[in-house]
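Chemist: Supplied structure: entry_24.txt, compact mmCIF, C-alpha atoms and all ligand atoms.
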# COMPACT_ATOMS: atom_id res chain seq x y z
CA MET C 1 0.00 0.00 0.00
CA LYS C 2 1.22 3.53 -0.69
CA THR C 3 1.14 4.45 2.98
CA HIS C 4 1.93 7.84 4.35
CA LYS C 5 5.34 8.07 5.99
CA LYS C 6 6.08 10.61 8.69
CA ASN C 7 8.74 12.49 6.79
CA GLN C 8 6.33 13.02 3.91
CA THR C 9 3.60 14.72 5.89
CA SER C 10 4.77 18.30 5.67
CA GLY C 11 2.09 19.73 3.44
CA HIS C 12 3.01 18.08 0.15
CA HIS C 13 -0.23 16.22 0.02
CA LYS C 14 -3.66 17.75 0.12
CA ASP C 15 -6.26 15.94 2.21
CA LEU C 16 -8.96 14.22 0.19
CA SER C 17 -11.84 11.87 1.00
CA ILE C 18 -13.32 9.18 -1.21
CA TYR C 19 -16.95 8.06 -1.29
CA ILE C 20 -17.90 4.88 -3.14
CA HIS C 21 -21.51 4.29 -4.06
CA ILE C 22 -22.58 0.63 -4.17
CA PRO C 23 -26.14 0.86 -5.50
CA PHE C 24 -27.41 -2.67 -4.79
CA CYS C 25 -29.98 -3.74 -2.20
CA GLU C 26 -31.72 -7.03 -1.59
CA ILE C 27 -35.11 -5.34 -1.49
CA ILE C 28 -36.22 -1.73 -1.80
CA CYS C 29 -37.45 -0.07 1.39
CA PRO C 30 -40.67 1.91 0.84
CA TYR C 31 -39.26 5.17 2.25
CA CYS C 32 -35.95 5.20 0.38
CA ASP C 33 -35.06 7.80 -2.24
CA PHE C 34 -31.39 6.90 -2.68
CA ASN C 35 -29.98 5.76 -6.00
CA LYS C 36 -30.43 2.01 -5.54
CA TYR C 37 -31.37 -1.12 -7.48
CA SER C 38 -32.54 -4.58 -6.50
CA LYS C 39 -32.80 -7.84 -8.46
CA VAL C 40 -30.01 -6.88 -10.84
CA ASP C 41 -27.30 -9.18 -9.48
CA ASP C 42 -26.25 -10.05 -13.02
CA LEU C 43 -24.98 -6.46 -13.40
CA ILE C 44 -22.67 -6.60 -10.38
CA PRO C 45 -19.54 -8.03 -12.12
CA ASN C 46 -19.70 -5.34 -14.82
CA PHE C 47 -20.38 -2.67 -12.23
CA ILE C 48 -17.26 -3.67 -10.28
CA GLN C 49 -15.17 -3.42 -13.45
CA SER C 50 -16.58 0.01 -14.27
CA LEU C 51 -16.06 1.21 -10.72
CA ILE C 52 -12.44 0.10 -10.79
CA SER C 53 -11.99 1.87 -14.15
CA GLU C 54 -13.28 5.06 -12.53
CA ILE C 55 -11.02 4.66 -9.50
CA GLN C 56 -7.98 4.17 -11.75
CA ARG C 57 -8.92 6.93 -14.21
CA ASN C 58 -8.93 9.56 -11.47
CA SER C 59 -5.75 8.54 -9.72
CA LYS C 60 -3.30 10.62 -11.79
CA ARG C 61 -5.31 13.81 -11.24
CA PHE C 62 -5.05 13.27 -7.50
CA ALA C 63 -1.53 11.92 -7.27
CA ASP C 64 -0.57 14.68 -4.84
CA SER C 65 -3.52 13.98 -2.53
CA LYS C 66 -3.52 12.11 0.72
CA ILE C 67 -6.65 10.06 1.35
CA VAL C 68 -7.83 10.72 4.90
CA SER C 69 -11.16 8.90 4.73
CA ILE C 70 -12.94 6.37 2.56
CA SER C 71 -16.62 5.66 2.93
CA LEU C 72 -18.56 2.87 1.25
CA GLY C 73 -22.23 3.81 1.06
CA GLY C 74 -25.24 2.97 -1.01
CA GLY C 75 -27.48 1.16 -1.53
CA THR C 76 -26.04 -1.58 0.60
CA PRO C 77 -22.26 -1.96 0.33
CA SER C 78 -22.36 -5.16 2.41
CA TYR C 79 -24.50 -6.73 -0.33
CA ILE C 80 -21.50 -7.34 -2.60
CA ASN C 81 -19.35 -10.41 -1.99
CA ASN C 82 -15.94 -10.49 -0.31
CA LYS C 83 -14.07 -10.99 -3.59
CA ASP C 84 -15.59 -7.84 -5.09
CA LEU C 85 -14.94 -5.81 -1.96
CA MET C 86 -11.33 -6.98 -2.00
CA ALA C 87 -11.00 -5.94 -5.66
CA ILE C 88 -12.30 -2.44 -4.89
CA PHE C 89 -9.94 -2.10 -1.95
CA ASN C 90 -6.93 -3.31 -3.96
CA SER C 91 -7.69 -0.80 -6.65
CA LEU C 92 -7.82 2.02 -4.07
CA LYS C 93 -4.61 1.05 -2.33
CA ASN C 94 -2.73 0.58 -5.59
CA ASN C 95 -3.80 3.92 -7.02
CA TYR C 96 -3.98 6.39 -4.14
CA PHE C 97 -1.75 7.62 -1.39
CA ILE C 98 -3.59 6.58 1.75
CA ASP C 99 -2.89 8.10 5.14
CA ASN C 100 -1.85 5.65 7.85
CA LYS C 101 -4.61 6.86 10.12
CA PHE C 102 -7.43 7.04 7.61
CA GLU C 103 -11.05 6.43 8.56
CA PHE C 104 -12.38 3.56 6.48
CA SER C 105 -16.10 3.07 6.94
CA ILE C 106 -18.78 0.85 5.48
CA GLU C 107 -22.57 0.87 5.74
CA VAL C 108 -23.92 -2.59 6.42
CA ASN C 109 -27.23 -4.37 6.52
CA PRO C 110 -27.59 -6.45 9.73
CA ALA C 111 -28.48 -9.51 7.65
CA ASP C 112 -25.06 -9.42 5.94
CA ILE C 113 -22.92 -9.50 9.07
CA ASN C 114 -21.08 -12.74 9.78
CA ASN C 115 -17.61 -13.72 10.95
CA PRO C 116 -15.95 -14.28 7.54
CA ARG C 117 -17.14 -10.84 6.51
CA LEU C 118 -15.81 -9.19 9.64
CA GLU C 119 -12.49 -10.99 9.14
CA LEU C 120 -12.24 -9.48 5.67
CA TYR C 121 -13.11 -6.03 7.02
CA GLU C 122 -10.26 -6.40 9.51
CA LYS C 123 -7.85 -7.58 6.81
CA ILE C 124 -8.48 -4.59 4.57
CA GLY C 125 -8.43 -2.06 7.42
CA ILE C 126 -12.10 -1.10 7.74
CA ASN C 127 -12.24 0.67 11.09
CA ARG C 128 -15.78 2.03 11.20
CA VAL C 129 -19.03 0.14 10.60
CA SER C 130 -22.40 1.81 10.29
CA VAL C 131 -25.33 -0.56 10.82
CA GLY C 132 -28.68 0.18 9.16
CA GLY C 133 -30.70 -1.18 12.08
CA GLN C 134 -33.52 1.42 12.04
CA SER C 135 -35.55 -0.01 14.95
CA PHE C 136 -35.60 -2.67 17.67
CA ASN C 137 -39.36 -3.06 17.32
CA LYS C 138 -40.64 -5.82 15.08
CA ASN C 139 -43.78 -3.95 13.97
CA ILE C 140 -41.78 -0.87 13.02
CA LEU C 141 -39.23 -2.95 11.12
CA SER C 142 -41.99 -4.59 9.16
CA LYS C 143 -43.67 -1.22 8.48
CA LEU C 144 -40.33 0.04 7.18
CA GLY C 145 -40.19 -2.98 4.87
CA ARG C 146 -36.78 -3.99 6.19
CA ASN C 147 -35.34 -7.36 5.16
CA HIS C 148 -34.16 -8.17 8.70
CA ASP C 149 -35.89 -8.79 12.00
CA VAL C 150 -34.98 -7.72 15.52
CA GLU C 151 -33.12 -10.97 16.24
CA THR C 152 -30.94 -10.57 13.16
CA LEU C 153 -30.17 -7.00 14.17
CA LYS C 154 -29.19 -8.04 17.69
CA LYS C 155 -27.08 -10.92 16.39
CA SER C 156 -25.17 -8.59 14.05
CA LEU C 157 -24.57 -6.10 16.88
CA ASP C 158 -23.36 -8.89 19.17
CA LEU C 159 -20.92 -10.05 16.48
CA LEU C 160 -19.68 -6.49 16.01
CA SER C 161 -19.35 -6.00 19.78
CA SER C 162 -16.99 -8.93 20.03
CA SER C 163 -15.04 -7.97 16.87
CA TYR C 164 -11.90 -5.82 16.61
CA ILE C 165 -13.98 -2.85 15.36
CA ASN C 166 -14.63 -0.29 18.08
CA ASN C 167 -16.01 2.52 16.00
CA ILE C 168 -19.59 1.41 15.41
CA ASN C 169 -22.58 3.50 14.40
CA LEU C 170 -26.22 2.51 14.47
CA ASP C 171 -28.90 4.19 12.33
CA LEU C 172 -32.34 4.53 13.91
CA ILE C 173 -35.46 6.07 12.33
CA PHE C 174 -38.16 8.00 14.15
CA GLY C 175 -41.43 9.53 12.99
CA VAL C 176 -42.60 6.28 11.38
CA PRO C 177 -46.39 6.21 10.83
CA GLY C 178 -47.96 4.58 13.89
CA GLN C 179 -44.72 4.60 15.93
CA THR C 180 -45.29 5.33 19.61
CA LEU C 181 -43.05 7.26 21.96
CA ALA C 182 -42.54 4.06 23.96
CA GLN C 183 -41.35 2.18 20.86
CA TRP C 184 -38.85 4.93 20.10
CA GLU C 185 -37.64 4.97 23.69
CA GLU C 186 -37.18 1.19 23.58
CA SER C 187 -34.95 1.50 20.49
CA ILE C 188 -32.75 4.19 21.97
CA LYS C 189 -32.40 2.29 25.23
CA MET C 190 -31.41 -0.84 23.31
CA PHE C 191 -28.74 1.19 21.54
CA LEU C 192 -27.49 2.51 24.90
CA ASP C 193 -27.21 -1.07 26.19
CA TYR C 194 -24.63 -1.76 23.48
CA SER C 195 -22.56 1.32 24.43
CA PHE C 196 -21.50 1.90 20.83
CA PRO C 197 -19.81 5.27 20.38
CA HIS C 198 -22.05 6.70 17.63
CA LEU C 199 -25.75 6.96 16.80
CA SER C 200 -27.52 8.51 13.81
CA THR C 201 -31.19 9.35 14.39
CA TYR C 202 -33.13 10.14 11.24
CA LEU C 203 -36.59 11.65 11.06
CA LEU C 204 -38.54 9.78 8.40
CA THR C 205 -39.41 12.04 5.49
CA PHE C 206 -41.89 11.26 2.76
CA GLU C 207 -39.91 11.82 -0.41
CA PRO C 208 -41.57 12.04 -3.83
CA LYS C 209 -41.17 8.87 -5.92
CA THR C 210 -41.17 6.62 -2.84
CA LYS C 211 -43.87 4.10 -1.98
CA PHE C 212 -44.49 5.87 1.34
CA PHE C 213 -45.15 9.13 -0.50
CA ARG C 214 -47.72 7.43 -2.74
CA ASP C 215 -49.27 5.63 0.26
CA LEU C 216 -49.53 8.95 2.07
CA ASN C 217 -51.37 10.52 -0.85
CA LEU C 218 -53.67 7.50 -1.07
CA LYS C 219 -54.24 7.85 2.69
CA LYS C 220 -52.97 4.29 3.26
CA ILE C 221 -50.63 5.69 5.89
CA ILE C 222 -50.89 8.77 8.06
CA GLU C 223 -48.07 11.19 8.73
CA PRO C 224 -47.24 11.33 12.46
CA LYS C 225 -48.49 14.42 14.32
CA GLU C 226 -46.04 17.22 15.02
CA ASN C 227 -46.37 16.88 18.81
CA ILE C 228 -45.24 13.24 18.78
CA ILE C 229 -42.22 14.14 16.63
CA ILE C 230 -41.30 16.88 19.12
CA GLU C 231 -41.68 14.46 22.02
CA MET C 232 -39.47 11.88 20.25
CA PHE C 233 -36.87 14.52 19.47
CA ASN C 234 -36.80 15.83 23.05
CA LEU C 235 -36.62 12.33 24.46
CA THR C 236 -33.66 11.56 22.20
CA ILE C 237 -31.83 14.63 23.47
CA GLU C 238 -32.56 13.78 27.09
CA LEU C 239 -31.56 10.11 26.91
CA LEU C 240 -28.40 10.66 24.89
CA ASN C 241 -27.19 13.69 26.81
CA ASN C 242 -27.70 11.78 30.06
CA ASN C 243 -25.48 9.03 28.69
CA ASN C 244 -22.58 11.24 27.55
CA TYR C 245 -23.35 11.45 23.84
CA HIS C 246 -23.21 14.87 22.26
CA GLN C 247 -25.25 15.97 19.29
CA TYR C 248 -22.46 17.22 17.07
CA GLU C 249 -24.83 17.44 14.09
CA ILE C 250 -28.65 17.52 13.94
CA SER C 251 -28.92 13.78 13.21
CA ASN C 252 -25.65 12.57 14.71
CA TRP C 253 -24.60 11.70 18.24
CA ALA C 254 -21.16 10.64 19.39
CA GLN C 255 -19.13 9.93 22.46
CA LYS C 256 -16.26 12.40 22.61
CA GLY C 257 -13.65 11.60 19.96
CA SER C 258 -15.90 9.26 17.96
CA GLU C 259 -17.36 11.83 15.55
CA SER C 260 -17.29 10.63 11.93
CA ILE C 261 -14.25 12.13 10.20
CA HIS C 262 -15.73 11.49 6.77
CA ASN C 263 -19.03 13.19 7.53
CA LEU C 264 -17.33 16.15 9.21
CA ARG C 265 -15.35 16.65 6.02
CA TYR C 266 -18.61 16.85 4.03
CA TRP C 267 -20.10 19.30 6.49
CA ASN C 268 -16.97 21.44 6.39
CA SER C 269 -17.08 21.49 2.55
CA ASN C 270 -13.66 19.80 2.29
CA ASN C 271 -12.62 18.14 -0.96
CA TYR C 272 -14.00 14.69 -1.72
CA LEU C 273 -14.28 12.40 -4.70
CA GLY C 274 -17.37 10.29 -5.29
CA PHE C 275 -17.22 7.13 -7.40
CA GLY C 276 -20.17 5.10 -8.65
CA PRO C 277 -23.54 5.97 -10.23
CA GLY C 278 -25.02 9.25 -8.98
CA ALA C 279 -22.04 9.93 -6.69
CA SER C 280 -21.05 13.57 -6.18
CA SER C 281 -17.59 15.07 -5.89
CA LEU C 282 -16.56 18.45 -4.53
CA ILE C 283 -13.17 19.73 -5.61
CA ASN C 284 -12.13 23.30 -4.81
CA GLY C 285 -15.64 24.71 -5.00
CA THR C 286 -16.78 22.80 -8.09
CA ARG C 287 -19.39 20.09 -7.68
CA MET C 288 -19.56 17.21 -10.13
CA LYS C 289 -22.29 14.58 -10.19
CA ASN C 290 -21.94 11.23 -11.94
CA ILE C 291 -24.67 9.95 -14.19
CA SER C 292 -27.26 8.15 -12.00
CA SER C 293 -28.43 5.36 -14.28
CA LEU C 294 -26.64 2.13 -13.36
CA LYS C 295 -26.61 0.75 -16.89
CA LYS C 296 -25.33 3.99 -18.40
CA TYR C 297 -22.70 4.24 -15.70
CA ILE C 298 -21.49 0.71 -16.36
CA TYR C 299 -21.26 1.31 -20.09
CA LEU C 300 -19.71 4.78 -19.98
CA SER C 301 -17.19 4.25 -17.20
CA LYS C 302 -15.68 1.32 -19.05
CA ASN C 303 -15.43 3.12 -22.36
CA ILE C 304 -14.24 6.64 -21.69
CA ASP C 305 -10.81 8.20 -21.15
CA ASN C 306 -12.05 11.51 -19.84
CA GLN C 307 -13.85 11.54 -16.51
CA ASN C 308 -15.89 14.61 -17.59
CA GLU C 309 -17.94 12.36 -19.88
CA LEU C 310 -19.31 10.56 -16.84
CA TYR C 311 -20.73 13.67 -15.21
CA SER C 312 -24.40 14.57 -15.58
CA GLU C 313 -23.83 17.89 -13.81
CA VAL C 314 -20.87 20.16 -13.18
CA THR C 315 -21.61 23.24 -11.09
CA THR C 316 -19.27 25.95 -10.02
CA ILE C 317 -20.69 27.19 -6.78
CA THR C 318 -21.44 30.92 -6.80
CA GLU C 319 -20.59 33.13 -3.83
CA GLU C 320 -24.28 33.22 -2.79
CA GLU C 321 -24.61 29.44 -3.02
CA LYS C 322 -21.39 29.03 -1.09
CA MET C 323 -22.73 31.30 1.64
CA ILE C 324 -26.08 29.54 2.03
CA GLU C 325 -24.37 26.16 1.98
CA TYR C 326 -21.90 27.35 4.62
CA ILE C 327 -24.70 28.65 6.84
CA MET C 328 -26.74 25.48 6.40
CA LEU C 329 -23.91 23.04 7.05
CA ASN C 330 -22.61 24.98 10.04
CA LEU C 331 -26.02 25.50 11.61
CA ARG C 332 -26.61 21.75 11.34
CA MET C 333 -23.55 21.27 13.50
CA HIS C 334 -23.58 21.78 17.25
CA ILE C 335 -20.79 24.35 17.18
CA GLY C 336 -22.79 26.52 14.78
CA ILE C 337 -21.42 29.45 12.79
CA ASN C 338 -18.19 30.97 14.00
CA HIS C 339 -18.52 34.67 13.13
CA LYS C 340 -14.78 35.19 12.66
CA ASP C 341 -14.50 32.23 10.27
CA PHE C 342 -17.49 33.54 8.33
CA GLU C 343 -15.84 36.94 8.00
CA LYS C 344 -12.57 35.38 6.83
CA ILE C 345 -14.32 33.38 4.11
CA PHE C 346 -16.87 35.93 2.89
CA ASN C 347 -15.33 39.22 3.92
CA LYS C 348 -18.64 40.17 5.52
CA ILE C 349 -19.76 40.50 9.13
CA PHE C 350 -22.33 37.78 9.85
CA ILE C 351 -24.23 39.58 12.60
CA SER C 352 -24.43 42.78 10.55
CA ILE C 353 -25.67 41.37 7.28
CA PHE C 354 -28.29 39.16 8.96
CA LYS C 355 -29.12 41.56 11.80
CA ASN C 356 -32.92 41.56 11.40
CA LEU C 357 -33.22 37.84 10.77
CA ILE C 358 -30.97 37.01 13.72
CA ASN C 359 -33.16 39.19 15.96
CA GLU C 360 -36.34 37.56 14.71
CA LEU C 361 -35.01 33.99 15.13
CA ASN C 362 -33.53 34.87 18.52
CA ASN C 363 -36.86 36.29 19.72
CA ASN C 364 -38.60 33.09 18.62
CA LEU C 365 -36.00 31.02 20.54
CA LEU C 366 -34.92 29.26 17.34
CA ILE C 367 -31.25 30.30 17.46
CA LYS C 368 -28.71 31.28 20.08
CA SER C 369 -26.49 34.10 18.94
CA ASN C 370 -23.73 35.84 20.85
CA LEU C 371 -20.80 37.94 19.67
CA LYS C 372 -18.75 34.91 18.63
CA THR C 373 -21.16 32.23 17.38
CA THR C 374 -24.68 31.52 16.16
CA SER C 375 -26.21 28.08 16.58
CA LEU C 376 -29.64 26.42 16.58
CA THR C 377 -31.56 25.86 19.80
CA ASN C 378 -33.27 22.49 20.28
CA LYS C 379 -36.50 24.16 19.13
CA GLY C 380 -34.63 25.48 16.07
CA LYS C 381 -33.22 22.05 15.21
CA LEU C 382 -36.79 20.82 14.75
CA VAL C 383 -37.52 23.47 12.13
CA SER C 384 -34.04 23.71 10.62
CA ASP C 385 -35.31 23.64 7.02
CA TYR C 386 -37.49 26.69 7.71
CA ILE C 387 -34.49 28.54 9.19
CA PHE C 388 -32.24 27.64 6.22
CA THR C 389 -34.93 28.94 3.85
CA LYS C 390 -35.06 32.22 5.76
CA PHE C 391 -31.30 32.69 5.39
CA ALA C 392 -31.47 31.74 1.70
CA GLU C 393 -34.22 34.32 1.10
CA GLU C 394 -32.16 36.97 2.85
CA ILE C 395 -29.10 36.18 0.71
CA ASP C 396 -31.15 36.23 -2.51
CA SER C 397 -32.87 39.54 -1.70
S1 LIG Y 401 -31.43 -0.85 2.27
FE1 LIG Y 401 -30.95 1.34 2.46
S2 LIG Y 401 -30.42 1.99 0.38
FE2 LIG Y 401 -31.41 0.00 0.20
S3 LIG Y 401 -33.55 0.49 -0.19
FE3 LIG Y 401 -33.36 0.22 2.02
S4 LIG Y 401 -32.94 2.28 2.83
FE4 LIG Y 401 -32.58 2.35 0.61
Please express the file's structure as structure tokens.
Ligand code: SF4

Modeler:
Amino acid sequence: MKTHKKNQTSGHHKDLSIYIHIPFCEIICPYCDFNKYSKVDDLIPNFIQSLISEIQRNSKRFADSKIVSISLGGGTPSYINNKDLMAIFNSLKNNYFIDNKFEFSIEVNPADINNPRLELYEKIGINRVSVGGQSFNKNILSKLGRNHDVETLKKSLDLLSSSYINNINLDLIFGVPGQTLAQWEESIKMFLDYSFPHLSTYLLTFEPKTKFFRDLNLKKIIEPKENIIIEMFNLTIELLNNNNYHQYEISNWAQKGSESIHNLRYWNSNNYLGFGPGASSLINGTRMKNISSLKKYIYLSKNIDNQNELYSEVTTITEEEKMIEYIMLNLRMHIGINHKDFEKIFNKIFISIFKNLINELNNNLLIKSNLKTTSLTNKGKLVSDYIFTKFAEEIDS
């Protein structure tokens, strides 16, 4: 492996992250709006070849970069077999300069976790596993259309607990139609029993083009009432704060020192490369998005020399877009907006240009703003999209 030696660290290499999109799932969950495919296993071998072509094609452009994090997401990255995962890893290590202390994470489905798999993860240096558990309640799991039951989830977490991997995240979903506060509490308490260092709590949203969205319009399911969502959110804060987890981002909780390096790099708008269908890259303020269609991706990635041909969108972010993105990403994080940093980047004084809006949001107890920082209150976190829209309107006006 091209590892990073101490005497080479002095600024010659720019930090870079890599995201790899594995778009396969065993079945499609009714709430999911990711770029994913099921029942197309025959396409996997060609996909792996095309992915490796893309990994290799980009390596020269980023020869002076040091990879500080790699994240395998999807879809379900644990769906592919060990041989294919090994091939992807070999291609990364042979083509990129990887930092010794890089974060290497994978999203897994509980049903895919077994000892041979964990042994491979150890062999290739995966040091963070994110488990798509979603709930410890059997009725909620079946409502969510998950392909695993509670026992399978517990078994996978037990295997992970006794493995070499310490950095484990669990995903849980709240705001599921029909979900009670007690069911949500049960799931969080089960997570706490495992003492894993990281939890992601996602509020279910009804995205267009999903089955849940159609069911909602057909009145087959009912959206949970706002008061129950608020109660679930407040309970999450109480239980996790009492157990030494801090909410470093709206949906993410960590024990001190276990924050996701890869995700923090996204939220800080650092450079990253995305490989695979629909994956996005951000390089020095330009965003590139790969073509989403799996078949087109497979065909194109194998047959092109120039990476640009794989992009469906290339956007240079304007100053206004950069500002709204900065405000949004920083407000999502616990530390909020640092006024000095804002001034350094935009050459503008945050509390002056948003004076009226800050007053209004402050008066409504949605933000906390002092001379140094502005961040969301717990009440504000619940209506973060509304607050981001307000800032965007202010910037556009
Ligand atoms: S397993 Fe994950 S990516 Fe696949 S359909 Fe379900 S939610 Fe979407």

Chemist: Could you give me the residues within 6 Å of ligand LIG 401 (chain Y), counting all atoms listed in the file, as a VMD selection string?

Modeler: chain C and resid 25 28 to 29 32 34 36 74 to 76

Chemist: Enter the distance from CA of Ala182 in chain C to CA of Tyr194 in chain C, in Å, rounded to one decimal.

Modeler: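 Taking CA of Ala182 in chain C as the start and CA of Tyr194 in chain C as the end point, the length is 18.8 Å.
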
Chemist: Provide the CA of Ser258 in chain C to CA of Asn244 in chain C distance in Å, to one decimal place.

Modeler: 11.9 Å

Chemist: With only C-alpha atoms as the basis for distance, which of C:Tyr31, C:Asn95, C:Leu240, C:Thr152 is at the shortest distance from Gly175 in chain C?

Modeler: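 Looking at the shortest contact to Gly175 in chain C, the residue is C:Tyr31.
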
Chemist: Can you pull out the residues contacting Ser281 in chain C? Cut-off 12 Å, using all atoms listed in the file, and skip same-chain residues under 5 positions away; I want them as a ChimeraX atom specification.

Modeler: /C:16-21,58,266,269-276,286-290,307-308,310-316

Chemist: Nearest residue to Glu26 in chain C out of C:Ser59, C:Ser78, C:Ser187, C:Thr389, using only C-alpha atoms?

Modeler: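 Selected residue with least distance to Glu26 in chain C: C:Ser78.
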
Chemist: Could you check how far CA of Met190 in chain C sits from CA of Phe136 in chain C, in Å to one decimal?

Modeler: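 Atom-to-atom, CA of Met190 in chain C and CA of Phe136 in chain C are spaced 7.3 Å apart.
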
Chemist: Restricting the calculation to only C-alpha atoms, which member of C:Gly125, C:Pro177, C:Pro30, C:Gly380 is positioned closest to Glu103 in chain C?

Modeler: C:Gly125

Chemist: Please return as a PDB file with C-alpha atoms, in the coordinates of the input every residue within 10 Å of (-31.0, -8.8, -8.1), taking into account all atoms listed in the file and the file's own coordinates.

Modeler:
ATOM      1  CA  PHE C  24     -27.410  -2.670  -4.790  1.00  0.00           C
ATOM      2  CA  CYS C  25     -29.980  -3.740  -2.200  1.00  0.00           C
ATOM      3  CA  GLU C  26     -31.720  -7.030  -1.590  1.00  0.00           C
ATOM      4  CA  ILE C  27     -35.110  -5.340  -1.490  1.00  0.00           C
ATOM      5  CA  TYR C  37     -31.370  -1.120  -7.480  1.00  0.00           C
ATOM      6  CA  SER C  38     -32.540  -4.580  -6.500  1.00  0.00           C
ATOM      7  CA  LYS C  39     -32.800  -7.840  -8.460  1.00  0.00           C
ATOM      8  CA  VAL C  40     -30.010  -6.880 -10.840  1.00  0.00           C
ATOM      9  CA  ASP C  41     -27.300  -9.180  -9.480  1.00  0.00           C
ATOM     10  CA  ASP C  42     -26.250 -10.050 -13.020  1.00  0.00           C
ATOM     11  CA  LEU C  43     -24.980  -6.460 -13.400  1.00  0.00           C
ATOM     12  CA  ILE C  44     -22.670  -6.600 -10.380  1.00  0.00           C
TER      13      ILE C  44
END

Chemist: Using all atoms listed in the file for the distances, tell me which of C:Lys60, C:Lys322, C:Lys101, C:Arg332 is nearest to Asn252 in chain C.

Modeler: C:Arg332

Chemist: Quick one: range 158-163 of chain C with all heavy atoms, as a JSON list (two decimals), keeping the file's coordinate frame?

Modeler:
[["chain", "number", "residue", "atom", "x", "y", "z"],
["C", 158, "ASP", "N", -24.18, -8.07, 18.26],
["C", 158, "ASP", "CA", -23.36, -8.89, 19.17],
["C", 158, "ASP", "C", -22.04, -9.28, 18.49],
["C", 158, "ASP", "O", -20.98, -9.23, 19.10],
["C", 158, "ASP", "CB", -24.12, -10.16, 19.58],
["C", 158, "ASP", "CG", -25.29, -9.82, 20.50],
["C", 158, "ASP", "OD1", -25.28, -8.72, 21.08],
["C", 158, "ASP", "OD2", -26.21, -10.65, 20.62],
["C", 159, "LEU", "N", -22.14, -9.67, 17.21],
["C", 159, "LEU", "CA", -20.92, -10.05, 16.48],
["C", 159, "LEU", "C", -19.96, -8.86, 16.39],
["C", 159, "LEU", "O", -18.76, -8.99, 16.59],
["C", 159, "LEU", "CB", -21.26, -10.52, 15.06],
["C", 159, "LEU", "CG", -21.72, -11.97, 14.89],
["C", 159, "LEU", "CD1", -22.10, -12.23, 13.45],
["C", 159, "LEU", "CD2", -20.61, -12.93, 15.32],
["C", 160, "LEU", "N", -20.52, -7.69, 16.11],
["C", 160, "LEU", "CA", -19.68, -6.49, 16.01],
["C", 160, "LEU", "C", -19.06, -6.14, 17.37],
["C", 160, "LEU", "O", -17.89, -5.74, 17.44],
["C", 160, "LEU", "CB", -20.49, -5.31, 15.47],
["C", 160, "LEU", "CG", -20.66, -5.31, 13.96],
["C", 160, "LEU", "CD1", -21.82, -4.42, 13.55],
["C", 160, "LEU", "CD2", -19.38, -4.86, 13.28],
["C", 161, "SER", "N", -19.85, -6.31, 18.43],
["C", 161, "SER", "CA", -19.35, -6.00, 19.78],
["C", 161, "SER", "C", -18.12, -6.83, 20.12],
["C", 161, "SER", "O", -17.22, -6.36, 20.79],
["C", 161, "SER", "CB", -20.39, -6.33, 20.85],
["C", 161, "SER", "OG", -21.45, -5.47, 20.75],
["C", 162, "SER", "N", -18.13, -8.08, 19.67],
["C", 162, "SER", "CA", -16.99, -8.93, 20.03],
["C", 162, "SER", "C", -15.92, -8.92, 18.94],
["C", 162, "SER", "O", -14.99, -9.72, 18.97],
["C", 162, "SER", "CB", -17.47, -10.35, 20.33],
["C", 162, "SER", "OG", -18.24, -10.80, 19.26],
["C", 163, "SER", "N", -16.05, -8.04, 17.93],
["C", 163, "SER", "CA", -15.04, -7.97, 16.87],
["C", 163, "SER", "C", -13.97, -6.94, 17.24],
["C", 163, "SER", "O", -14.06, -6.28, 18.27],
["C", 163, "SER", "CB", -15.69, -7.58, 15.54],
["C", 163, "SER", "OG", -15.96, -6.19, 15.56]]
